[in-house]
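Coordinates as given in structure22.txt (compact mmCIF, C-alpha atoms):
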```txt
# COMPACT_ATOMS: atom_id res chain seq x y z
CA MET A 1 -31.45 -63.91 14.08
CA LEU A 2 -31.79 -67.61 14.99
CA SER A 3 -33.92 -70.40 13.57
CA SER A 4 -33.47 -73.99 14.62
CA ASP A 5 -34.65 -77.55 14.08
CA PRO A 6 -31.98 -79.39 16.13
CA SER A 7 -32.69 -83.13 15.88
CA ALA A 8 -29.27 -84.66 15.28
CA PRO A 9 -28.82 -88.45 15.00
CA ALA A 10 -26.82 -90.14 17.73
CA GLU A 11 -24.32 -91.70 15.32
CA ALA A 12 -23.03 -88.30 14.12
CA ALA A 13 -22.18 -87.31 17.68
CA ASN A 14 -19.82 -90.29 18.02
CA SER A 15 -17.51 -89.49 15.07
CA PRO A 16 -14.33 -87.47 15.70
CA LEU A 17 -14.33 -83.68 15.28
CA LEU A 18 -11.74 -82.65 12.68
CA GLU A 19 -10.38 -79.20 11.93
CA PRO A 20 -12.88 -77.29 9.74
CA GLU A 21 -12.19 -76.86 6.06
CA LEU A 22 -11.46 -73.26 5.10
CA ARG A 23 -12.79 -72.03 1.76
CA ILE A 24 -12.47 -68.53 0.26
CA SER A 25 -14.35 -67.98 -3.00
CA PRO A 26 -12.58 -65.42 -5.23
CA ALA A 27 -15.60 -64.67 -7.48
CA LEU A 28 -19.08 -63.45 -6.60
CA VAL A 29 -21.19 -66.45 -5.55
CA PRO A 30 -24.87 -66.51 -6.62
CA TYR A 31 -27.07 -66.82 -3.56
CA PRO A 32 -28.95 -69.98 -4.65
CA GLU A 33 -25.60 -71.70 -5.24
CA ALA A 34 -24.39 -70.70 -1.78
CA LEU A 35 -27.60 -71.91 -0.15
CA ALA A 36 -27.48 -75.27 -1.93
CA THR A 37 -23.83 -75.74 -1.02
CA MET A 38 -24.45 -74.88 2.63
CA GLU A 39 -27.43 -77.19 2.93
CA ALA A 40 -25.63 -80.11 1.30
CA ARG A 41 -22.58 -79.62 3.50
CA ALA A 42 -24.68 -79.27 6.67
CA ALA A 43 -26.44 -82.56 5.91
CA ALA A 44 -23.12 -84.28 5.30
CA VAL A 45 -21.66 -82.86 8.54
CA ALA A 46 -24.71 -84.03 10.49
CA ASP A 47 -24.32 -87.51 8.99
CA GLY A 48 -20.62 -87.61 9.87
CA GLN A 49 -19.61 -87.77 6.20
CA GLU A 50 -17.85 -84.38 5.91
CA ARG A 51 -15.91 -82.13 8.23
CA GLU A 52 -17.07 -78.67 9.21
CA LEU A 53 -16.68 -75.72 6.83
CA ILE A 54 -15.78 -72.05 7.22
CA TRP A 55 -16.73 -70.44 3.90
CA LEU A 56 -15.92 -66.82 3.00
CA VAL A 57 -17.85 -65.37 0.06
CA GLU A 58 -19.12 -62.22 -1.62
CA HIS A 59 -22.52 -62.10 -3.35
CA PRO A 60 -23.94 -60.08 -6.22
CA PRO A 61 -26.35 -57.36 -4.94
CA LEU A 62 -29.43 -59.01 -3.39
CA TYR A 63 -31.78 -58.94 -0.44
CA THR A 64 -32.55 -61.87 1.85
CA ALA A 65 -35.59 -62.29 4.07
CA GLY A 66 -35.31 -64.13 7.36
CA THR A 67 -38.10 -65.91 9.16
CA SER A 68 -39.17 -62.69 10.93
CA ALA A 69 -39.15 -60.46 7.83
CA LYS A 70 -42.11 -58.11 7.40
CA SER A 71 -43.35 -57.35 3.90
CA ASP A 72 -43.53 -53.61 4.61
CA ASP A 73 -39.77 -53.59 5.23
CA LEU A 74 -39.14 -54.42 1.57
CA VAL A 75 -39.25 -50.83 0.37
CA ASP A 76 -38.19 -51.43 -3.25
CA ALA A 77 -39.00 -55.00 -4.28
CA GLY A 78 -37.76 -54.52 -7.85
CA ARG A 79 -34.34 -53.15 -7.02
CA PHE A 80 -32.46 -56.41 -6.47
CA PRO A 81 -33.40 -60.11 -6.34
CA VAL A 82 -35.06 -61.12 -3.09
CA PHE A 83 -34.49 -64.55 -1.54
CA GLU A 84 -36.45 -66.07 1.32
CA THR A 85 -34.21 -67.99 3.68
CA GLY A 86 -34.62 -70.27 6.65
CA ARG A 87 -32.34 -68.16 8.82
CA GLY A 88 -33.57 -66.09 11.72
CA GLY A 89 -33.90 -62.33 11.46
CA GLN A 90 -35.50 -59.93 9.00
CA PHE A 91 -34.38 -58.31 5.73
CA THR A 92 -30.72 -57.76 5.01
CA TYR A 93 -28.55 -56.87 2.05
CA HIS A 94 -25.62 -58.73 0.53
CA GLY A 95 -23.36 -57.41 -2.19
CA PRO A 96 -19.82 -56.74 -3.41
CA GLY A 97 -17.56 -55.23 -0.78
CA GLN A 98 -19.24 -57.16 2.02
CA ARG A 99 -17.54 -60.19 3.54
CA VAL A 100 -20.08 -62.92 4.16
CA VAL A 101 -18.97 -65.85 6.28
CA TYR A 102 -20.87 -69.12 6.40
CA PRO A 103 -19.69 -71.36 9.25
CA VAL A 104 -21.12 -74.87 8.87
CA VAL A 105 -20.20 -76.22 12.30
CA ASN A 106 -21.41 -79.10 14.39
CA LEU A 107 -22.97 -77.75 17.56
CA GLY A 108 -23.91 -81.30 18.43
CA LYS A 109 -20.24 -81.94 19.17
CA ARG A 110 -19.48 -78.48 20.52
CA GLY A 111 -21.85 -78.21 23.45
CA ARG A 112 -25.27 -77.56 21.86
CA ASP A 113 -25.38 -73.97 23.08
CA MET A 114 -26.95 -71.80 20.39
CA ARG A 115 -26.76 -68.62 22.46
CA ALA A 116 -23.05 -69.16 22.99
CA TYR A 117 -22.65 -69.68 19.25
CA VAL A 118 -24.31 -66.37 18.34
CA CYS A 119 -22.32 -64.62 21.07
CA ALA A 120 -19.13 -66.13 19.63
CA ILE A 121 -19.94 -64.75 16.18
CA GLU A 122 -20.38 -61.28 17.68
CA SER A 123 -17.06 -61.61 19.51
CA TRP A 124 -15.35 -62.79 16.32
CA ILE A 125 -16.52 -59.67 14.50
CA ILE A 126 -15.59 -57.38 17.40
CA ASP A 127 -12.07 -58.87 17.54
CA THR A 128 -11.68 -58.46 13.78
CA LEU A 129 -12.80 -54.83 13.84
CA ALA A 130 -10.40 -54.07 16.68
CA ASP A 131 -7.51 -55.02 14.41
CA PHE A 132 -8.42 -51.99 12.30
CA GLY A 133 -8.94 -49.59 15.18
CA VAL A 134 -12.74 -49.84 15.17
CA LYS A 135 -14.70 -50.48 18.36
CA GLY A 136 -17.56 -52.88 17.69
CA GLU A 137 -20.24 -53.23 20.33
CA ARG A 138 -23.18 -55.44 21.24
CA ARG A 139 -26.62 -54.07 21.99
CA GLN A 140 -29.21 -55.83 24.11
CA GLY A 141 -32.10 -56.97 21.93
CA ARG A 142 -30.29 -56.07 18.67
CA VAL A 143 -28.28 -58.97 17.32
CA GLY A 144 -25.24 -57.97 15.29
CA VAL A 145 -22.34 -55.62 15.84
CA TRP A 146 -22.68 -51.85 16.13
CA VAL A 147 -20.44 -48.80 16.11
CA VAL A 148 -21.10 -45.43 17.74
CA ARG A 149 -20.28 -42.38 15.61
CA GLU A 150 -18.84 -39.18 17.08
CA ASP A 151 -22.29 -37.56 17.15
CA GLY A 152 -23.70 -40.49 19.12
CA ARG A 153 -25.47 -42.22 16.24
CA GLU A 154 -25.41 -46.01 16.38
CA GLU A 155 -24.92 -47.79 13.07
CA LYS A 156 -24.75 -51.46 12.24
CA ILE A 157 -21.54 -52.69 10.65
CA ALA A 158 -22.22 -56.43 10.73
CA ALA A 159 -25.38 -58.50 10.56
CA ILE A 160 -25.88 -62.01 11.92
CA GLY A 161 -28.49 -64.55 10.86
CA VAL A 162 -28.29 -68.21 11.83
CA ARG A 163 -30.18 -71.43 11.29
CA VAL A 164 -29.45 -74.69 13.08
CA ARG A 165 -30.52 -77.97 11.51
CA ARG A 166 -29.78 -81.29 13.21
CA TRP A 167 -27.42 -79.30 15.44
CA VAL A 168 -25.38 -78.10 12.44
CA THR A 169 -25.27 -74.38 11.66
CA LEU A 170 -26.16 -72.63 8.40
CA HIS A 171 -25.91 -68.98 7.29
CA GLY A 172 -23.75 -66.75 9.47
CA LEU A 173 -22.45 -63.18 9.35
CA ALA A 174 -22.09 -60.27 6.93
CA LEU A 175 -19.40 -57.68 7.66
CA ASN A 176 -19.47 -54.42 5.71
CA VAL A 177 -15.98 -53.72 4.39
CA ALA A 178 -16.65 -51.35 1.49
CA PRO A 179 -20.08 -52.08 -0.03
CA ASP A 180 -22.31 -49.50 -1.71
CA LEU A 181 -24.33 -48.47 1.34
CA SER A 182 -26.99 -46.85 -0.85
CA HIS A 183 -28.07 -50.39 -1.75
CA TYR A 184 -29.58 -50.70 1.72
CA GLY A 185 -32.19 -48.16 0.61
CA GLY A 186 -34.45 -50.87 -0.79
CA ILE A 187 -35.12 -52.38 2.63
CA VAL A 188 -35.47 -51.51 6.28
CA PRO A 189 -32.29 -53.29 7.42
CA CYS A 190 -33.06 -55.84 10.12
CA GLY A 191 -36.41 -54.12 10.70
CA LEU A 192 -34.77 -51.21 12.55
CA PRO A 193 -35.63 -47.95 10.74
CA GLU A 194 -34.22 -45.80 13.53
CA TYR A 195 -30.66 -47.05 12.99
CA GLY A 196 -28.32 -46.73 10.04
CA VAL A 197 -25.68 -48.99 8.54
CA THR A 198 -22.00 -48.32 8.07
CA SER A 199 -18.81 -49.96 6.83
CA LEU A 200 -15.10 -49.89 7.43
CA ALA A 201 -14.76 -47.64 4.38
CA ALA A 202 -17.43 -45.24 5.66
CA LEU A 203 -15.52 -45.05 8.94
CA GLY A 204 -12.44 -43.90 7.03
CA LYS A 205 -10.64 -47.23 7.11
CA THR A 206 -8.86 -48.15 3.89
CA VAL A 207 -8.90 -51.91 4.28
CA THR A 208 -8.75 -54.62 1.63
CA MET A 209 -10.88 -57.74 1.68
CA GLN A 210 -7.70 -59.77 2.00
CA GLN A 211 -6.75 -57.86 5.14
CA VAL A 212 -10.19 -58.49 6.59
CA ASP A 213 -9.91 -62.18 5.75
CA GLU A 214 -6.52 -62.37 7.42
CA ALA A 215 -7.98 -60.81 10.58
CA LEU A 216 -10.97 -63.15 10.56
CA LEU A 217 -8.69 -66.17 10.21
CA ARG A 218 -6.39 -64.87 12.92
CA HIS A 219 -9.31 -64.89 15.35
CA LEU A 220 -10.94 -68.09 14.02
CA PRO A 221 -9.48 -70.44 16.69
CA LYS A 222 -10.81 -68.19 19.46
CA PHE A 223 -14.21 -68.07 17.75
CA LEU A 224 -14.43 -71.86 17.76
CA GLU A 225 -13.23 -72.06 21.36
CA ARG A 226 -15.88 -69.65 22.59
CA PHE A 227 -18.84 -71.93 21.88
CA THR A 228 -17.21 -75.34 22.22
CA ASN A 229 -18.04 -77.12 25.47
CA ALA A 230 -18.73 -74.09 27.66
CA GLY A 231 -15.98 -71.83 26.39
CA PRO A 232 -15.64 -68.19 27.54
CA SER A 233 -19.03 -66.53 28.05
CA CYS A 234 -20.46 -63.37 26.54
CA ALA A 235 -20.32 -61.83 29.98
CA ALA A 236 -16.59 -62.49 30.11
CA ASP A 237 -16.13 -60.94 26.67
CA ALA A 238 -18.14 -57.87 27.61
CA GLY A 239 -16.00 -57.34 30.65
```
Mind converting the file's structure to structure tokens?
Amino acid sequence: MLSSDPSAPAEAANSPLLEPELRISPALVPYPEALATMEARAAAVADGQERELIWLVEHPPLYTAGTSAKSDDLVDAGRFPVFETGRGGQFTYHGPGQRVVYPVVNLGKRGRDMRAYVCAIESWIIDTLADFGVKGERRQGRVGVWVVREDGREEKIAAIGVRVRRWVTLHGLALNVAPDLSHYGGIVPCGLPEYGVTSLAALGKTVTMQQVDEALLRHLPKFLERFTNAGPSCAADAG
């Protein structure tokens, strides 16, 4: 879920905090390109040379392995490309129909609270889902956002994996809008074989990616507020 090496220089903390750049990529973005772009931007943000970035992408079908990934959880290694990442967490899937959001934000200027940051991502997803009549929930010890089906089954609709370098964030969230859920069959998602995955489409919601993006952007200011200088807590959100 979370991996960090927060050793930010003092000079970056003294520069003003500008409104983040918003970027929405219309075509599928190869994962190595996304990783290189994120890392370059994070370094520039840490050095005070660039403003923060909120980047919305889709990827071709692929699997990523976080720092806690177990080799046995890669069930079908030849199915899709597999990329090792520096983010926290285990194996997850990315592919068309899934909205991936990469916030490159400066926690060094926003309170240096990594727990509040992850909580804010969960709240952002929960608020977005609510716009479509879906109740997203947190679960203790299971990072991400979950839904409860009518028969009581809990399924994951959004994954979260974060890395913090020099107090600037990399990676982020993956929200299932209408991906091919069978693609998850090549891994044990997030190392939790007892739970399934779902999507807005699987829940009977006919929602376009543009509509999801509009909801995410509608709740973006609140997301930023939640982890900036002791914003609203997870406990307050849960209540």
Between range 180-214 of chain A and range 72-82 of chain A, at 7 Å or less, what are the per-residue closest atom pairs and their distances in Å? Count all atoms listed in the file, order by chain and rising residue number, and return it as a tab-separated table.
```
residue	atom	partner	partner_atom	distance
A:Gly186	CA	A:Asp76	CA	4.5
A:Ile187	CA	A:Leu74	CA	4.6
A:Val188	CA	A:Asp73	CA	4.9
A:Gly191	CA	A:Asp73	CA	6.4
```
In Å, rounded to a single decimal, give me how far CA of Val100 in chain A is from CA of Ser25 in chain A.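 Atom-to-atom, CA of Ser25 in chain A and CA of Val100 in chain A are spaced 10.5 Å apart.
Atom pair CA of Arg99 in chain A / CA of Trp124 in chain A: separated by 13.2 Å.
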Residue nearest Arg218 in chain A - candidates A:Pro61, A:Asp131, A:Lys205, A:Leu107, atoms counted: all atoms listed in the file: A:Asp131
Counting all atoms listed in the file, closest pick from A:Glu150, A:Glu194, A:Glu58, A:Glu19 relative to Pro221 in chain A is A:Glu19
Contacts of range 195-201 of chain A within 10 Å, all atoms listed in the file, excl. fewer than 4 positions in-chain, as a PDB file with C-alpha atoms, in the frame of the given file:
```
ATOM      1  CA  GLY A  97     -17.560 -55.230  -0.780  1.00  0.00           C
ATOM      2  CA  GLN A  98     -19.240 -57.160   2.020  1.00  0.00           C
ATOM      3  CA  LEU A 129     -12.800 -54.830  13.840  1.00  0.00           C
ATOM      4  CA  PHE A 132      -8.420 -51.990  12.300  1.00  0.00           C
ATOM      5  CA  GLY A 133      -8.940 -49.590  15.180  1.00  0.00           C
ATOM      6  CA  VAL A 134     -12.740 -49.840  15.170  1.00  0.00           C
ATOM      7  CA  TRP A 146     -22.680 -51.850  16.130  1.00  0.00           C
ATOM      8  CA  VAL A 147     -20.440 -48.800  16.110  1.00  0.00           C
ATOM      9  CA  ARG A 149     -20.280 -42.380  15.610  1.00  0.00           C
ATOM     10  CA  ARG A 153     -25.470 -42.220  16.240  1.00  0.00           C
ATOM     11  CA  GLU A 154     -25.410 -46.010  16.380  1.00  0.00           C
ATOM     12  CA  GLU A 155     -24.920 -47.790  13.070  1.00  0.00           C
ATOM     13  CA  LYS A 156     -24.750 -51.460  12.240  1.00  0.00           C
ATOM     14  CA  ILE A 157     -21.540 -52.690  10.650  1.00  0.00           C
ATOM     15  CA  ALA A 158     -22.220 -56.430  10.730  1.00  0.00           C
ATOM     16  CA  ALA A 159     -25.380 -58.500  10.560  1.00  0.00           C
ATOM     17  CA  LEU A 175     -19.400 -57.680   7.660  1.00  0.00           C
ATOM     18  CA  ASN A 176     -19.470 -54.420   5.710  1.00  0.00           C
ATOM     19  CA  VAL A 177     -15.980 -53.720   4.390  1.00  0.00           C
ATOM     20  CA  ALA A 178     -16.650 -51.350   1.490  1.00  0.00           C
ATOM     21  CA  PRO A 179     -20.080 -52.080  -0.030  1.00  0.00           C
ATOM     22  CA  ASP A 180     -22.310 -49.500  -1.710  1.00  0.00           C
ATOM     23  CA  LEU A 181     -24.330 -48.470   1.340  1.00  0.00           C
ATOM     24  CA  SER A 182     -26.990 -46.850  -0.850  1.00  0.00           C
ATOM     25  CA  TYR A 184     -29.580 -50.700   1.720  1.00  0.00           C
ATOM     26  CA  VAL A 188     -35.470 -51.510   6.280  1.00  0.00           C
ATOM     27  CA  PRO A 189     -32.290 -53.290   7.420  1.00  0.00           C
ATOM     28  CA  CYS A 190     -33.060 -55.840  10.120  1.00  0.00           C
ATOM     29  CA  GLY A 191     -36.410 -54.120  10.700  1.00  0.00           C
ATOM     30  CA  LYS A 205     -10.640 -47.230   7.110  1.00  0.00           C
ATOM     31  CA  THR A 206      -8.860 -48.150   3.890  1.00  0.00           C
ATOM     32  CA  VAL A 207      -8.900 -51.910   4.280  1.00  0.00           C
ATOM     33  CA  THR A 208      -8.750 -54.620   1.630  1.00  0.00           C
ATOM     34  CA  VAL A 212     -10.190 -58.490   6.590  1.00  0.00           C
TER      35      VAL A 212
END
```
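With CA of Trp55 in chain A on one side and CA of Tyr102 in chain A on the other, the separation reads 5.0 Å.
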Mind completing range 115-135 of chain A with N, CA, C and O atoms? Output as a short mmCIF file (atom, residue, chain, number, x, y, z; two decimals), keeping the file's coordinate frame, please?
```cif
data_model
loop_
_atom_site.label_atom_id
_atom_site.label_comp_id
_atom_site.auth_asym_id
_atom_site.auth_seq_id
_atom_site.Cartn_x
_atom_site.Cartn_y
_atom_site.Cartn_z
N ARG A 115 -27.02 -69.99 22.01
CA ARG A 115 -26.76 -68.62 22.46
C ARG A 115 -25.26 -68.35 22.49
O ARG A 115 -24.80 -67.28 22.10
N ALA A 116 -24.50 -69.32 22.97
CA ALA A 116 -23.05 -69.16 22.99
C ALA A 116 -22.50 -69.04 21.58
O ALA A 116 -21.54 -68.29 21.34
N TYR A 117 -23.11 -69.74 20.64
CA TYR A 117 -22.65 -69.68 19.25
C TYR A 117 -22.85 -68.28 18.67
O TYR A 117 -21.94 -67.70 18.07
N VAL A 118 -24.04 -67.71 18.85
CA VAL A 118 -24.31 -66.37 18.34
C VAL A 118 -23.41 -65.35 19.02
O VAL A 118 -22.85 -64.45 18.39
N CYS A 119 -23.23 -65.50 20.33
CA CYS A 119 -22.32 -64.62 21.07
C CYS A 119 -20.91 -64.72 20.51
O CYS A 119 -20.20 -63.71 20.37
N ALA A 120 -20.47 -65.94 20.16
CA ALA A 120 -19.13 -66.13 19.63
C ALA A 120 -18.96 -65.45 18.28
O ALA A 120 -17.89 -64.91 17.98
N ILE A 121 -20.00 -65.46 17.46
CA ILE A 121 -19.94 -64.75 16.18
C ILE A 121 -19.76 -63.26 16.43
O ILE A 121 -18.93 -62.60 15.79
N GLU A 122 -20.52 -62.70 17.35
CA GLU A 122 -20.38 -61.28 17.68
C GLU A 122 -18.95 -60.98 18.14
O GLU A 122 -18.34 -59.99 17.72
N SER A 123 -18.42 -61.82 19.01
CA SER A 123 -17.06 -61.61 19.51
C SER A 123 -16.04 -61.71 18.39
O SER A 123 -15.05 -60.95 18.36
N TRP A 124 -16.25 -62.63 17.46
CA TRP A 124 -15.35 -62.79 16.32
C TRP A 124 -15.29 -61.50 15.49
O TRP A 124 -14.23 -61.03 15.10
N ILE A 125 -16.46 -60.92 15.25
CA ILE A 125 -16.52 -59.67 14.50
C ILE A 125 -15.86 -58.54 15.28
O ILE A 125 -15.08 -57.75 14.73
N ILE A 126 -16.15 -58.45 16.56
CA ILE A 126 -15.59 -57.38 17.40
C ILE A 126 -14.06 -57.47 17.42
O ILE A 126 -13.35 -56.46 17.30
N ASP A 127 -13.53 -58.69 17.55
CA ASP A 127 -12.07 -58.87 17.54
C ASP A 127 -11.48 -58.46 16.20
O ASP A 127 -10.40 -57.84 16.14
N THR A 128 -12.15 -58.80 15.12
CA THR A 128 -11.68 -58.46 13.78
C THR A 128 -11.66 -56.95 13.58
O THR A 128 -10.68 -56.38 13.08
N LEU A 129 -12.73 -56.28 13.98
CA LEU A 129 -12.80 -54.83 13.84
C LEU A 129 -11.71 -54.14 14.65
O LEU A 129 -11.13 -53.13 14.21
N ALA A 130 -11.42 -54.67 15.82
CA ALA A 130 -10.40 -54.07 16.68
C ALA A 130 -9.05 -54.03 16.01
O ALA A 130 -8.24 -53.12 16.25
N ASP A 131 -8.77 -55.00 15.13
CA ASP A 131 -7.51 -55.02 14.41
C ASP A 131 -7.34 -53.81 13.51
O ASP A 131 -6.23 -53.46 13.11
N PHE A 132 -8.45 -53.17 13.18
CA PHE A 132 -8.42 -51.99 12.30
C PHE A 132 -8.77 -50.71 13.05
O PHE A 132 -9.10 -49.69 12.45
N GLY A 133 -8.70 -50.78 14.37
CA GLY A 133 -8.94 -49.59 15.18
C GLY A 133 -10.39 -49.18 15.28
O GLY A 133 -10.70 -48.02 15.56
N VAL A 134 -11.31 -50.12 15.08
CA VAL A 134 -12.74 -49.84 15.17
C VAL A 134 -13.32 -50.59 16.37
O VAL A 134 -13.08 -51.79 16.53
N LYS A 135 -14.07 -49.87 17.19
CA LYS A 135 -14.70 -50.48 18.36
C LYS A 135 -16.09 -50.97 18.00
O LYS A 135 -17.01 -50.18 17.79
#
```
